[in-house]
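*Asks:* Got protein_35.txt for you, compact mmCIF, C-alpha atoms:
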```
# COMPACT_ATOMS: atom_id res chain seq x y z
CA MET A 1 0.00 0.00 0.00
CA SER A 2 1.29 3.47 -0.85
CA LYS A 3 1.19 6.22 1.77
CA ALA A 4 -1.84 7.74 0.03
CA GLU A 5 -3.63 4.38 0.09
CA ARG A 6 -2.82 3.91 3.78
CA THR A 7 -4.23 7.36 4.60
CA LYS A 8 -7.36 6.65 2.59
CA GLN A 9 -7.77 3.31 4.39
CA LYS A 10 -7.29 5.01 7.77
CA ILE A 11 -10.07 7.47 6.94
CA VAL A 12 -12.40 4.64 5.88
CA GLU A 13 -11.72 2.57 9.02
CA ASN A 14 -12.27 5.49 11.38
CA ALA A 15 -15.29 6.76 9.47
CA ALA A 16 -16.79 3.26 9.68
CA ILE A 17 -16.67 3.44 13.49
CA VAL A 18 -18.12 6.93 13.84
CA PHE A 19 -20.83 6.50 11.18
CA ASN A 20 -21.93 3.19 12.72
CA LYS A 21 -22.16 4.69 16.20
CA ARG A 22 -23.62 8.11 15.45
CA GLY A 23 -25.29 7.56 12.09
CA TYR A 24 -24.85 9.51 8.87
CA PHE A 25 -26.69 12.64 10.03
CA GLY A 26 -25.18 12.49 13.52
CA SER A 27 -21.59 12.27 12.24
CA SER A 28 -19.45 15.11 11.00
CA ILE A 29 -16.17 15.51 9.17
CA ALA A 30 -14.90 17.01 12.46
CA ASP A 31 -15.44 13.61 14.12
CA ILE A 32 -13.34 11.94 11.43
CA MET A 33 -10.68 14.68 11.70
CA ARG A 34 -10.46 14.05 15.45
CA LEU A 35 -10.15 10.27 15.06
CA THR A 36 -7.64 10.33 12.20
CA GLY A 37 -5.68 13.41 13.27
CA LEU A 38 -6.04 14.68 9.68
CA ALA A 39 -6.95 18.20 8.60
CA LYS A 40 -10.15 18.74 6.64
CA SER A 41 -8.12 19.30 3.46
CA GLY A 42 -6.32 16.00 4.08
CA ILE A 43 -9.64 14.18 4.17
CA TYR A 44 -11.08 15.95 1.13
CA HIS A 45 -7.89 15.19 -0.77
CA HIS A 46 -9.05 11.55 -0.79
CA PHE A 47 -12.83 11.90 -0.88
CA LYS A 48 -15.10 14.34 -2.70
CA SER A 49 -17.82 14.49 -0.04
CA LYS A 50 -19.20 13.17 3.23
CA ASP A 51 -21.42 10.94 1.05
CA GLU A 52 -18.42 9.35 -0.62
CA ILE A 53 -16.81 8.64 2.78
CA ALA A 54 -20.06 7.20 4.15
CA VAL A 55 -20.46 4.85 1.20
CA ALA A 56 -16.80 3.71 1.34
CA ALA A 57 -17.07 3.15 5.11
CA PHE A 58 -20.30 1.18 4.76
CA ASP A 59 -18.97 -1.03 1.95
CA TYR A 60 -15.75 -1.65 3.89
CA THR A 61 -17.60 -2.76 7.05
CA LEU A 62 -20.00 -4.95 5.12
CA GLY A 63 -17.07 -6.59 3.36
CA LEU A 64 -15.68 -7.55 6.79
CA ILE A 65 -19.02 -8.95 7.98
CA LEU A 66 -19.57 -10.99 4.81
CA GLU A 67 -15.98 -12.25 4.96
CA ALA A 68 -16.40 -13.35 8.60
CA ALA A 69 -19.65 -15.17 7.78
CA LEU A 70 -18.10 -16.82 4.70
CA ALA A 71 -15.08 -18.00 6.70
CA LYS A 72 -17.36 -19.80 9.20
CA VAL A 73 -19.72 -21.13 6.53
CA SER A 74 -17.14 -22.43 4.06
CA ILE A 75 -15.44 -24.84 6.48
CA GLN A 76 -18.73 -26.78 6.87
CA GLU A 77 -19.58 -29.55 4.42
CA THR A 78 -23.33 -29.99 4.67
CA ALA A 79 -25.82 -27.28 3.82
CA ILE A 80 -27.54 -27.70 7.19
CA ASP A 81 -24.24 -27.16 9.01
CA ARG A 82 -23.54 -24.14 6.79
CA LEU A 83 -26.86 -22.56 7.72
CA HIS A 84 -26.10 -23.19 11.42
CA ALA A 85 -22.64 -21.66 10.93
CA PHE A 86 -24.14 -18.59 9.26
CA ALA A 87 -26.44 -18.03 12.27
CA ASP A 88 -23.56 -18.65 14.70
CA SER A 89 -21.32 -16.15 12.92
CA PHE A 90 -23.37 -13.37 14.57
CA LYS A 91 -22.84 -14.70 18.11
CA GLY A 92 -21.29 -12.00 20.28
CA PHE A 93 -21.60 -9.54 17.38
CA THR A 94 -22.30 -6.49 19.55
CA ALA A 95 -19.14 -7.15 21.57
CA GLN A 96 -16.89 -7.07 18.48
CA PRO A 97 -15.27 -3.78 17.41
CA ILE A 98 -17.24 -3.91 14.17
CA GLY A 99 -20.53 -4.45 16.01
CA ALA A 100 -19.96 -2.04 18.91
CA GLY A 101 -22.28 0.47 17.25
CA GLY A 102 -24.75 -2.27 16.28
CA CYS A 103 -25.22 -3.77 12.83
CA PRO A 104 -24.26 -1.31 10.08
CA ILE A 105 -26.91 -2.82 7.78
CA LEU A 106 -29.61 -2.15 10.35
CA ASN A 107 -28.28 1.27 11.30
CA THR A 108 -27.84 2.46 7.74
CA ALA A 109 -31.08 0.90 6.47
CA VAL A 110 -33.14 2.61 9.15
CA GLU A 111 -31.46 5.95 8.59
CA SER A 112 -31.34 5.93 4.80
CA ASP A 113 -34.65 4.36 3.77
CA ASP A 114 -36.55 7.65 3.74
CA THR A 115 -33.68 10.10 3.43
CA HIS A 116 -30.60 8.95 1.52
CA PRO A 117 -31.18 7.03 -1.76
CA LEU A 118 -27.44 6.51 -2.46
CA LEU A 119 -26.69 4.90 0.91
CA ARG A 120 -29.94 2.94 0.65
CA THR A 121 -28.75 1.42 -2.64
CA HIS A 122 -25.53 0.27 -0.97
CA VAL A 123 -27.48 -1.27 1.93
CA GLN A 124 -29.73 -3.11 -0.55
CA ALA A 125 -26.63 -4.42 -2.36
CA ALA A 126 -25.17 -5.64 0.94
CA VAL A 127 -28.40 -7.43 1.89
CA ASN A 128 -28.59 -8.87 -1.64
CA ASN A 129 -25.11 -10.37 -1.07
CA LEU A 130 -26.11 -11.94 2.26
CA ARG A 131 -29.32 -13.31 0.71
CA ALA A 132 -27.37 -14.71 -2.25
CA LEU A 133 -25.04 -16.49 0.18
CA ILE A 134 -27.98 -18.10 1.99
CA ALA A 135 -29.72 -18.91 -1.32
CA SER A 136 -26.60 -20.72 -2.55
CA ILE A 137 -26.52 -22.81 0.64
CA VAL A 138 -30.21 -23.69 0.27
CA GLU A 139 -29.65 -24.74 -3.35
CA LEU A 140 -26.70 -26.90 -2.28
CA GLY A 141 -28.94 -28.47 0.38
CA ILE A 142 -31.62 -29.29 -2.20
CA ARG A 143 -29.03 -30.80 -4.58
CA GLN A 144 -27.58 -32.90 -1.73
CA GLY A 145 -31.03 -34.05 -0.61
CA GLU A 146 -30.65 -32.40 2.82
CA LEU A 147 -33.54 -30.02 2.15
CA ALA A 148 -36.88 -30.69 0.44
CA ASP A 149 -37.12 -29.63 -3.24
CA THR A 150 -39.83 -27.19 -2.24
CA THR A 151 -37.59 -25.27 0.20
CA ASP A 152 -37.93 -21.58 -0.65
CA HIS A 153 -34.56 -19.85 -0.40
CA GLU A 154 -36.29 -16.46 -0.34
CA LYS A 155 -38.16 -17.49 2.80
CA VAL A 156 -35.12 -19.06 4.48
CA SER A 157 -32.90 -16.03 3.82
CA THR A 158 -35.61 -13.65 5.03
CA ILE A 159 -36.13 -15.54 8.31
CA LEU A 160 -32.39 -15.81 9.01
CA PHE A 161 -31.69 -12.20 8.13
CA VAL A 162 -34.61 -10.51 9.93
CA THR A 163 -34.25 -12.59 13.09
CA ILE A 164 -30.58 -11.73 13.44
CA GLU A 165 -31.08 -8.06 12.64
CA GLY A 166 -34.01 -7.63 15.04
CA ALA A 167 -32.04 -9.42 17.75
CA ILE A 168 -28.94 -7.26 17.32
CA MET A 169 -31.19 -4.22 17.73
CA MET A 170 -32.78 -5.64 20.90
CA SER A 171 -29.45 -6.68 22.44
CA LYS A 172 -27.97 -3.26 21.72
CA LEU A 173 -31.04 -1.54 23.16
CA TYR A 174 -30.72 -3.35 26.50
CA GLY A 175 -26.95 -3.86 26.42
CA ASP A 176 -27.66 -7.57 26.93
CA ASP A 177 -26.65 -10.34 24.52
CA THR A 178 -29.26 -12.75 25.92
CA TYR A 179 -31.71 -11.70 23.19
CA LEU A 180 -29.26 -12.34 20.36
CA ASP A 181 -28.43 -15.74 21.90
CA LEU A 182 -32.15 -16.64 22.18
CA ALA A 183 -32.71 -15.61 18.55
CA ILE A 184 -29.75 -17.67 17.30
CA ALA A 185 -31.00 -20.68 19.29
CA HIS A 186 -34.42 -20.19 17.66
CA LEU A 187 -32.76 -20.17 14.22
CA HIS A 188 -30.98 -23.45 15.00
CA ASP A 189 -34.41 -24.99 15.75
CA TYR A 190 -35.79 -23.49 12.54
CA ILE A 191 -32.87 -24.82 10.46
CA ASN A 192 -33.20 -28.30 12.02
CA GLY A 193 -36.89 -28.17 11.10
CA LEU A 194 -35.93 -27.69 7.43
CA ALA A 195 -33.78 -30.86 7.33
CA THR A 196 -35.26 -33.85 5.49
CA VAL A 197 -33.45 -36.16 7.93
CA LYS A 198 -34.33 -35.23 11.54
CA MET B 1 -59.42 19.78 24.80
CA SER B 2 -58.48 23.41 25.33
CA LYS B 3 -56.92 25.37 22.47
CA ALA B 4 -53.51 25.04 24.15
CA GLU B 5 -53.95 21.28 24.47
CA ARG B 6 -55.00 21.03 20.81
CA THR B 7 -51.90 22.97 19.73
CA LYS B 8 -49.67 20.79 21.88
CA GLN B 9 -51.27 17.67 20.41
CA LYS B 10 -50.79 19.02 16.86
CA ILE B 11 -47.08 19.54 17.57
CA VAL B 12 -46.74 16.00 18.93
CA GLU B 13 -48.56 14.41 15.98
CA ASN B 14 -46.52 16.28 13.38
CA ALA B 15 -43.26 15.77 15.24
CA ALA B 16 -44.01 12.03 15.39
CA ILE B 17 -44.11 11.91 11.58
CA VAL B 18 -40.96 13.92 10.96
CA PHE B 19 -38.88 12.26 13.72
CA ASN B 20 -39.90 8.80 12.52
CA LYS B 21 -38.96 9.57 8.91
CA ARG B 22 -35.80 11.61 9.41
CA GLY B 23 -34.65 10.51 12.85
CA TYR B 24 -33.83 12.65 15.86
CA PHE B 25 -30.56 14.05 14.47
CA GLY B 26 -31.99 14.50 10.97
CA SER B 27 -35.03 16.46 12.17
CA SER B 28 -35.13 20.11 13.09
CA ILE B 29 -37.55 22.47 14.80
CA ALA B 30 -37.84 24.14 11.35
CA ASP B 31 -39.38 20.90 10.01
CA ILE B 32 -41.98 20.96 12.79
CA MET B 33 -42.62 24.68 12.21
CA ARG B 34 -43.26 23.98 8.51
CA LEU B 35 -45.65 21.09 9.21
CA THR B 36 -47.61 22.80 11.99
CA GLY B 37 -47.51 26.34 10.62
CA LEU B 38 -46.38 27.48 14.07
CA ALA B 39 -43.61 29.95 14.87
CA LYS B 40 -40.61 28.75 16.88
CA SER B 41 -41.89 30.64 19.92
CA GLY B 42 -45.25 28.90 19.54
CA ILE B 43 -43.55 25.52 19.70
CA TYR B 44 -41.27 26.42 22.63
CA HIS B 45 -44.29 27.77 24.51
CA HIS B 46 -45.40 24.13 24.86
CA PHE B 47 -42.07 22.29 25.03
CA LYS B 48 -38.78 23.16 26.70
CA SER B 49 -36.53 21.52 24.11
CA LYS B 50 -36.23 19.35 21.00
CA ASP B 51 -35.62 16.46 23.43
CA GLU B 52 -38.93 17.01 25.15
CA ILE B 53 -40.76 17.04 21.80
CA ALA B 54 -38.94 13.90 20.64
CA VAL B 55 -39.87 12.01 23.81
CA ALA B 56 -43.53 13.14 23.66
CA ALA B 57 -43.73 12.19 19.96
CA PHE B 58 -42.17 8.77 20.58
CA ASP B 59 -44.45 7.97 23.54
CA TYR B 60 -47.51 9.13 21.57
CA THR B 61 -46.70 6.89 18.57
CA LEU B 62 -45.93 3.90 20.75
CA GLY B 63 -49.22 4.38 22.56
CA LEU B 64 -51.00 4.08 19.19
CA ILE B 65 -49.09 0.92 18.23
CA LEU B 66 -49.70 -0.79 21.59
CA GLU B 67 -53.39 0.21 21.44
CA ALA B 68 -53.75 -1.24 17.93
CA ALA B 69 -52.08 -4.51 19.00
CA LEU B 70 -54.21 -4.71 22.17
CA ALA B 71 -57.44 -4.14 20.20
CA LYS B 72 -56.65 -7.13 17.93
CA VAL B 73 -55.38 -9.32 20.78
CA SER B 74 -58.18 -8.69 23.28
CA ILE B 75 -61.02 -9.92 21.04
CA GLN B 76 -59.43 -13.41 20.90
CA GLU B 77 -60.24 -15.94 23.60
CA THR B 78 -57.41 -18.46 23.49
CA ALA B 79 -53.79 -17.57 24.17
CA ILE B 80 -52.71 -19.18 20.89
CA ASP B 81 -55.18 -17.02 18.95
CA ARG B 82 -53.96 -13.98 20.88
CA LEU B 83 -50.36 -14.65 19.90
CA HIS B 84 -51.45 -15.06 16.25
CA ALA B 85 -53.42 -11.80 16.50
CA PHE B 86 -50.38 -10.00 17.94
CA ALA B 87 -48.25 -11.09 14.97
CA ASP B 88 -51.03 -10.18 12.50
CA SER B 89 -51.42 -6.71 14.02
CA PHE B 90 -48.20 -5.74 12.18
CA LYS B 91 -49.49 -6.83 8.74
CA GLY B 92 -49.28 -3.93 6.31
CA PHE B 93 -47.54 -1.84 8.98
CA THR B 94 -45.30 0.06 6.58
CA ALA B 95 -48.33 1.15 4.53
CA GLN B 96 -50.04 2.76 7.54
CA PRO B 97 -49.50 6.47 8.28
CA ILE B 98 -47.85 5.50 11.58
CA GLY B 99 -45.51 3.05 9.87
CA ALA B 100 -44.68 5.09 6.76
CA GLY B 101 -41.30 5.96 8.26
CA GLY B 102 -40.78 2.40 9.52
CA CYS B 103 -41.15 1.22 13.10
CA PRO B 104 -40.48 4.01 15.60
CA ILE B 105 -39.10 1.48 18.10
CA LEU B 106 -36.55 0.27 15.56
CA ASN B 107 -35.73 3.75 14.27
CA THR B 108 -35.34 5.27 17.70
CA ALA B 109 -33.51 2.28 19.20
CA VAL B 110 -30.92 2.28 16.44
CA GLU B 111 -30.38 6.01 16.65
CA SER B 112 -30.42 6.41 20.43
CA ASP B 113 -28.55 3.32 21.69
CA ASP B 114 -25.11 4.94 21.46
CA THR B 115 -26.07 8.61 21.49
CA HIS B 116 -29.19 9.60 23.40
CA PRO B 117 -29.73 7.98 26.85
CA LEU B 118 -33.09 9.73 27.50
CA LEU B 119 -34.70 8.53 24.26
CA ARG B 120 -33.13 5.11 24.79
CA THR B 121 -34.89 4.83 28.16
CA HIS B 122 -38.22 5.56 26.50
CA VAL B 123 -37.58 2.94 23.81
CA GLN B 124 -36.72 0.38 26.51
CA ALA B 125 -39.96 1.23 28.34
CA ALA B 126 -41.94 0.76 25.12
CA VAL B 127 -40.33 -2.61 24.42
CA ASN B 128 -40.90 -3.60 28.07
CA ASN B 129 -44.63 -2.90 27.53
CA LEU B 130 -44.79 -5.05 24.39
CA ARG B 131 -42.87 -7.85 26.13
CA ALA B 132 -45.20 -7.63 29.15
CA LEU B 133 -48.20 -7.96 26.83
CA ILE B 134 -46.75 -11.12 25.24
CA ALA B 135 -45.69 -12.49 28.66
CA SER B 136 -49.25 -12.08 29.96
CA ILE B 137 -50.59 -14.03 26.97
CA VAL B 138 -48.04 -16.82 27.51
CA GLU B 139 -49.00 -17.04 31.19
CA LEU B 140 -52.68 -17.23 30.23
CA GLY B 141 -51.81 -20.03 27.79
CA ILE B 142 -49.99 -21.99 30.51
CA ARG B 143 -52.94 -21.56 32.94
CA GLN B 144 -55.39 -22.69 30.25
CA GLY B 145 -53.25 -25.69 29.31
CA GLU B 146 -52.69 -24.42 25.75
CA LEU B 147 -48.95 -24.06 26.29
CA ALA B 148 -46.53 -26.34 28.14
CA ASP B 149 -45.65 -25.30 31.72
CA THR B 150 -42.07 -24.92 30.58
CA THR B 151 -42.86 -22.28 27.92
CA ASP B 152 -40.46 -19.39 28.46
CA HIS B 153 -42.27 -16.08 27.96
CA GLU B 154 -38.92 -14.31 27.64
CA LYS B 155 -38.02 -16.47 24.66
CA VAL B 156 -41.47 -16.18 23.04
CA SER B 157 -41.57 -12.40 23.39
CA THR B 158 -38.02 -12.09 22.04
CA ILE B 159 -38.76 -14.21 18.95
CA LEU B 160 -42.01 -12.36 18.18
CA PHE B 161 -40.49 -8.94 18.72
CA VAL B 162 -37.19 -9.37 16.87
CA THR B 163 -38.74 -11.15 13.88
CA ILE B 164 -41.31 -8.39 13.36
CA GLU B 165 -38.77 -5.59 13.84
CA GLY B 166 -36.20 -7.12 11.50
CA ALA B 167 -38.90 -7.71 8.89
CA ILE B 168 -40.22 -4.14 9.05
CA MET B 169 -36.65 -2.97 8.44
CA MET B 170 -36.22 -5.31 5.45
CA SER B 171 -39.60 -4.41 3.92
CA LYS B 172 -38.86 -0.70 4.30
CA LEU B 173 -35.39 -1.16 2.79
CA TYR B 174 -36.77 -2.76 -0.39
CA GLY B 175 -40.16 -1.03 -0.36
CA ASP B 176 -41.70 -4.51 -0.52
CA ASP B 177 -44.05 -5.98 2.09
CA THR B 178 -43.29 -9.56 0.98
CA TYR B 179 -40.61 -9.87 3.67
CA LEU B 180 -42.92 -8.75 6.47
CA ASP B 181 -45.57 -11.20 5.22
CA LEU B 182 -43.02 -14.06 5.12
CA ALA B 183 -41.88 -13.22 8.66
CA ILE B 184 -45.45 -13.12 10.00
CA ALA B 185 -46.19 -16.48 8.32
CA HIS B 186 -43.05 -17.88 10.01
CA LEU B 187 -44.31 -16.60 13.38
CA HIS B 188 -47.66 -18.35 12.84
CA ASP B 189 -45.74 -21.63 12.33
CA TYR B 190 -43.66 -20.90 15.43
CA ILE B 191 -46.77 -20.15 17.54
CA ASN B 192 -48.51 -23.32 16.30
CA GLY B 193 -45.38 -25.24 17.30
CA LEU B 194 -45.81 -23.98 20.89
CA ALA B 195 -49.37 -25.34 21.21
CA THR B 196 -49.79 -28.46 23.36
CA VAL B 197 -52.68 -29.55 21.07
CA LYS B 198 -51.55 -29.55 17.43
```
Take the structure from the file and write it as structure tokens.

*Replies:*
Amino acid sequence: MSKAERTKQKIVENAAIVFNKRGYFGSSIADIMRLTGLAKSGIYHHFKSKDEIAVAAFDYTLGLILEAALAKVSIQETAIDRLHAFADSFKGFTAQPIGAGGCPILNTAVESDDTHPLLRTHVQAAVNNLRALIASIVELGIRQGELADTTDHEKVSTILFVTIEGAIMMSKLYGDDTYLDLAIAHLHDYINGLATVK
Amino acid sequence: MSKAERTKQKIVENAAIVFNKRGYFGSSIADIMRLTGLAKSGIYHHFKSKDEIAVAAFDYTLGLILEAALAKVSIQETAIDRLHAFADSFKGFTAQPIGAGGCPILNTAVESDDTHPLLRTHVQAAVNNLRALIASIVELGIRQGELADTTDHEKVSTILFVTIEGAIMMSKLYGDDTYLDLAIAHLHDYINGLATVK
């Protein structure tokens, strides 16, 4: 990485933290200046606008989350175990640096849906990626006979995604991971219920 | 209602819409002035601060949501039917005036958890009320023999709450109620799975 690339990366990593904690509207370039120790001109040398920083920060964080989920999923052989691993990859999420401000998908979706079409598009793309990952596991499960032919990947990905997102919100709200743990346990029951062999 | 009370109510109702769409940090007194046609002094005659308006608007909206859920729940006799009615009370939520900006619990939780302790306390109180409602139905179900003695109301209320919240977020993100419908259908299966008599 060149020095310019390292500076750009430092801005993205710090912006990711502040945007995820305080939201797009609640964050300012001053916050990023304070965290990076850069002057305003130093930040705008690398990015045209607050929007461009927000989008880069969001995409960077989502890349990390997807990567972490993929790492846990890909070491499992069966589709059922992969679905369990996907659910488990969010265990302790709010205690991780990346999840300290809650889930960036949830945070950015809620903030952007009525106010920020560009960010909203990036959130939709991120959720599309997570859904595609789950859909590919469901299709593998059908091919391998682990799941019934009629299993609807749209339904499975919706249930997994919304349960985890709602639970991250609830655990953050109370500062108590019990709710996320209960939700993940519920998903394990749900996934076992999908298996053709009980 | 006196004229002063009507004005105060008008501020709360309009603030509820703007805060739910744009969030606490994204909303300004100017937005509320525009919607109500009141001068700044007219608004601050009734409320000490933006905080006080935000809290009143949140509590007002949550009162409406709890009332709507209670109205659907209370006409059902069995606990199982009450749980189904609770889940169904969120059908079409994002198309209702109150839900046009998404779920105020979700929106305010996500925004306030790291930034606004006062609002966060009000969100916790609102979620406590919803959980207490579900807990009371579960206890009724155990007394009436519809649910096993071992049914954990904490788990049931968590699953119902997080699934609905996550699904409202997803449906708002895509502008497509399919996800909320899928999540509610999943909750009906889950509730049926709790029944001692299948």

*Asks:* From the set A:Leu173, A:Tyr44, A:Ile191, A:Gly99, which residue has the shortest atom-to-atom contact distance to chain B, counting all atoms listed in the file?

*Replies:* A:Leu173

*Asks:* For a quick test of understanding: name the residues of chain A lying within 8 Å of chain B when counting only C-alpha atoms, and present them as a PyMOL selection string.

*Replies:* chain A and resi 21-23+25-26+101-102+106-107+109-111+113-115+120+123-124+155+158-159+161-167+169-170+172-174+179+182-183+186

*Asks:* Take the selection from the previous step and output its residues with C-alpha atoms, as a CSV table (one decimal), in the coordinates of the input.

*Replies:*
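Listed below is the output, part-v8.csv:
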```csv
chain,number,residue,atom,x,y,z
A,21,LYS,CA,-22.2,4.7,16.2
A,22,ARG,CA,-23.6,8.1,15.4
A,23,GLY,CA,-25.3,7.6,12.1
A,25,PHE,CA,-26.7,12.6,10.0
A,26,GLY,CA,-25.2,12.5,13.5
A,101,GLY,CA,-22.3,0.5,17.2
A,102,GLY,CA,-24.8,-2.3,16.3
A,106,LEU,CA,-29.6,-2.2,10.4
A,107,ASN,CA,-28.3,1.3,11.3
A,109,ALA,CA,-31.1,0.9,6.5
A,110,VAL,CA,-33.1,2.6,9.2
A,111,GLU,CA,-31.5,6.0,8.6
A,113,ASP,CA,-34.6,4.4,3.8
A,114,ASP,CA,-36.6,7.6,3.7
A,115,THR,CA,-33.7,10.1,3.4
A,120,ARG,CA,-29.9,2.9,0.6
A,123,VAL,CA,-27.5,-1.3,1.9
A,124,GLN,CA,-29.7,-3.1,-0.6
A,155,LYS,CA,-38.2,-17.5,2.8
A,158,THR,CA,-35.6,-13.6,5.0
A,159,ILE,CA,-36.1,-15.5,8.3
A,161,PHE,CA,-31.7,-12.2,8.1
A,162,VAL,CA,-34.6,-10.5,9.9
A,163,THR,CA,-34.2,-12.6,13.1
A,164,ILE,CA,-30.6,-11.7,13.4
A,165,GLU,CA,-31.1,-8.1,12.6
A,166,GLY,CA,-34.0,-7.6,15.0
A,167,ALA,CA,-32.0,-9.4,17.8
A,169,MET,CA,-31.2,-4.2,17.7
A,170,MET,CA,-32.8,-5.6,20.9
A,172,LYS,CA,-28.0,-3.3,21.7
A,173,LEU,CA,-31.0,-1.5,23.2
A,174,TYR,CA,-30.7,-3.4,26.5
A,179,TYR,CA,-31.7,-11.7,23.2
A,182,LEU,CA,-32.2,-16.6,22.2
A,183,ALA,CA,-32.7,-15.6,18.6
A,186,HIS,CA,-34.4,-20.2,17.7
```

*Asks:* Excluding same-chain residues fewer than 5 positions from B:Ile43, what lies within 10 Å of it counting all atoms listed in the file, as a list in words?

*Replies:*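 Everything that qualifies: Thr7, Lys8, Ile11, Ile29, Ile32, Met33, Thr36, Gly37, Leu38, Lys48, Ser49, Lys50 and Ile53 of chain B.
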
*Asks:* At what distance in Å, to one decimal, does atom CA of A:Lys198 lie from atom CA of A:Arg131?

*Replies:*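 About the pair atom CA of A:Arg131 and atom CA of A:Lys198: they are 25.0 Å apart.
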
*Asks:* Residues within 10 Å of B:Ile80, please, as a CSV table (one decimal) with C-alpha atoms, keeping the file's coordinate frame. Count only C-alpha atoms; anything in the same chain fewer than 2 positions from it doesn't count.

*Replies:*
```
chain,number,residue,atom,x,y,z
B,76,GLN,CA,-59.4,-13.4,20.9
B,77,GLU,CA,-60.2,-15.9,23.6
B,78,THR,CA,-57.4,-18.5,23.5
B,82,ARG,CA,-54.0,-14.0,20.9
B,83,LEU,CA,-50.4,-14.6,19.9
B,84,HIS,CA,-51.4,-15.1,16.2
B,85,ALA,CA,-53.4,-11.8,16.5
B,86,PHE,CA,-50.4,-10.0,17.9
B,137,ILE,CA,-50.6,-14.0,27.0
B,138,VAL,CA,-48.0,-16.8,27.5
B,140,LEU,CA,-52.7,-17.2,30.2
B,141,GLY,CA,-51.8,-20.0,27.8
B,146,GLU,CA,-52.7,-24.4,25.8
B,147,LEU,CA,-49.0,-24.1,26.3
B,188,HIS,CA,-47.7,-18.4,12.8
B,191,ILE,CA,-46.8,-20.2,17.5
B,192,ASN,CA,-48.5,-23.3,16.3
B,194,LEU,CA,-45.8,-24.0,20.9
B,195,ALA,CA,-49.4,-25.3,21.2
```

*Asks:* Please report the interatomic distance between atom CA of B:Asp31 and atom CA of B:Lys10 in Å with one decimal.

*Replies:*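 Rounded to one decimal, the two atoms are 13.4 Å apart.
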
*Asks:* Between atom CA of B:Ser74 and atom CA of B:Phe93, what distance in Å does the model show, to one decimal?

*Replies:*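 Taking atom CA of B:Ser74 and atom CA of B:Phe93, their separation equals 19.1 Å.
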